[in-house]
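The block underneath contains the structure these notes are about, expressed in structure tokens.
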Amino acid sequence: MSIRNLDKIFKPQRIAVIGASSNPGSVGYTVLKNLIGSGFAGVVYPVNPRREAVQGIHAYPDVKSLPRTPDLAIICTPAPTVPDLLEQCGEAGILGVIIISAGFKEAGEEGRKLEARLKEIIQKFEGMRVIGPNCLGVIVPSLRLNATFAAAMPPDGHVAFISQSGALCTSILDWAREEGIGFSYFISIGNTVDVNFGDLIEYLSEDERTRSIILYVESIVDARRFMSAARAFSRTKPIVVYKAGRFAESARAVSSHTGAMAGEDAVYDAAFRRAGAVRVYDIGEIFDTAELLAQARLPAGPRLAIVTNAGGPGVAATDALIARHGQLAELSPETFEKLNKILPPFWSQGNPVDVLGDASPERYAQAVEAVLADPGVDAVLVILTPQAMTDSTGIARAVAELAKKYPKPILAAWMGGSIVQEGICIFNQAGIPTYPTPDRAIGAFMHLVEYRRNLELLSQTPKEIPLEFPVDRRKIREDFLPVLSKEKILGERDSKALLSAYGIPVTMPELARNEDEAVELAGKLGLPVVLKIQSPDITHKTDVGGVVVGITSEEGVRQAFRQILASVGEKAPTARIEGITVQRMVPTARGVEMILGAKKDPTFGAVLMVGAGGITTEVLRDMALGLPPLDEHLAMHLLESLKIWPLLRGFRGRPRMNVEKLLEVIMRFSYLVADFPEIQEIDVNPLVVTPEEVVAVDARVVVDEEALRNLPQPYSHLAIQPFCGTNDHRQ
């Protein structure tokens, strides 16, 4: 949708409460009480056809009877009555509506029908905007507007909180009030029949009071809208996300709670990263993280130096850093020379820098300054444990002074109770993030690193046609749409032909219907060769003994041919056998087997995967996901996140693989996926990467038959719209 008329909801002057009540046990009672009791300066109209007055205020039988048209109507009546009331609002010219009532798609089939009716009514009245149903409502503390049934008004602040769970909202409000956390907006969106995350993020991007956004997400309903708005917001202000339903069990719980289907968690994770958002996995971290990202300096990279006055906490910080895939900075010889002059002879001689328990403020400051000046250090964590001779306040004051001189971020872990409180106050005044334990500080540092990386990804929006892409993509579509129409799952040869059309090297299989043909083909292709079963009914050939590799002789070809037929006949007796393919053997001893694939996610559309391949794919589960199309920077980011990345760049004497060619193949593959919304799934496994070449050894394509029938618009299956030129290759 858009941000049109959202001011009617968030900046109303007149509000109608439909279902306003004098019964203290009802939602309509609490909503009205909150509006008139929180200091809202506007006009409030109770609407109740059975009462002349509600809570001492003159009531009206319906919205048509109101003396002036309100900006906002809040509906608190039972679900079956809501569609008619919403229609009455539209006829009365009310453009802002909050539906607090529950009992819609989260309640089953009848509820889904009611919700569908709401959508029809919203479409009927141009400009109408609706939040809900099944929501808590909205709070705008700066306006003293509490349009919810929550207990109290939170303080005014600079964090916007948007949640799909109304029950969670009440807990968060209570918690935030205890902690003194303020909000610019507090929004419960419920079932998102109209206004969704994307609309609200865009609206808040224009609000100067909002410095960060926290999202509690159960599902996304408009992925492209969400990605566009979040990417724009994240360029200047942080978004922190807590995603519920990470695993199968909790995903089912989400479905029963909201009626929404949760997508795969790994896809959401990839989407959040591409949107520039930082994801937290502990709901207790959300406010700390939002405040940190909004205020702290960002590190240039992941390299952390640790300065401590006790060995144990330094080791604990190192463990936490490595466990979170952080990087311990390697100090330069120049830094070691400085530290040797500053510190006693028995200092730790490495990172973490142990300045010892008797360290004075001066020694601490000199050590911290030495590592801050090291070009190989991106940030510094200063740890203090209060010992008998420790001046925790003086050390904090000295470190705070250094923060004024150096742009690199400094984090502090001031461990202890009342004895370190004055030092913590000094850090707070200096804007230095402070934590009670090294583990908490490391977690905060990694959030800063993630946010910085995500900001770098935000600048990457691939063009419709990349430079140096000499293929006629429109002609390829014309040639392969009839091929896609033939089978629900393309055979290996057709799948590889599509890859080859995009300039991706393949080993093309040749079909043999008997042993003699197989021997003849092996002679033509050159030994060694690979034999594979060809059957439209067999997806995973190795599972049925349908693959024999490394065949080096004519007799070996004959034996492998017979062996495959016997094994498949035993393990898949009903499968249709078209023959056995012969293809050249790509040597893998000096290479790395990878998988390159894509699938259409029900929420985010086409999602690309790259990872460790071969028969260990599902065992190792070393993979990275991205939203296509990809450019070189985005493709490299995926590769560097893999555990097998050291093998690709050369490890312990092994040669470096042809990473440049691999990047090109990934980019070409991503454009293939972007060009064909008719593809439901596509797998290249293994994709063999050697120092010399990158070759697709096996491939398969699963067709989206519905998309094939309807021929969707170009790029409609992509969550991120590529920059398009004036000539559309799909026309």
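Following the order of the structure tokens, chains are lettered A, B, ..., residues in each are numbered from 1, and ligands are numbered from 1.
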
Exercise. Could you name the residues that touch Thr335 (chain A) at 12 Å or less, counting only C-alpha atoms, but leaving out those on the same chain fewer than 6 positions away, as a PyMOL selection string?
Worked result: chain A and resi 305+329+341-343+349-351+353+366-377

For this session: Find the spatial neighbours of region 620-631 of chain A, counting only C-alpha atoms, within a cut-off of 7 Å - ignore same-chain residues fewer than 3 positions away - and output them as a count of residues only.
Result: 22

For this session: From region 339-399 of chain A, collect each residue whose DSSP state is strand (DSSP E) and return the set as a ChimeraX atom specification.
Result: /A:353-354,379-384

For this session: Enumerate as a ChimeraX atom specification all residues of region 305-466 of chain A assigned to helix (DSSP H, G or I) by DSSP on the backbone, naming them with the chain letters and numbers the document uses.
Result: /A:311-323,333-342,361-372,392-405,418-430,438-458

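The environment of Arg225 (chain A) within 9 Å, counting only C-alpha atoms and disregarding residues fewer than 4 places along the same chain, consists of Met1, Ser2, Asn196, Phe197, Gly198, Asp199, Val221, Ala229, Ala230, Ala719 and Ile720 of chain A.
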
Write to file, as a CSV table (one decimal), in the first residue's frame, the residues of the selection just made, with C-alpha atoms.
```
chain,number,residue,atom,x,y,z
A,1,MET,CA,0.0,0.0,0.0
A,2,SER,CA,1.6,3.3,1.1
A,196,ASN,CA,1.6,-3.8,7.3
A,197,PHE,CA,5.3,-3.6,8.4
A,198,GLY,CA,6.4,-2.0,5.2
A,199,ASP,CA,3.8,0.8,5.4
A,221,VAL,CA,2.7,-10.5,4.2
A,229,ALA,CA,10.9,0.2,3.3
A,230,ALA,CA,13.4,-1.5,5.6
A,719,ALA,CA,11.5,-9.6,-3.1
A,720,ILE,CA,13.9,-7.0,-4.4
```
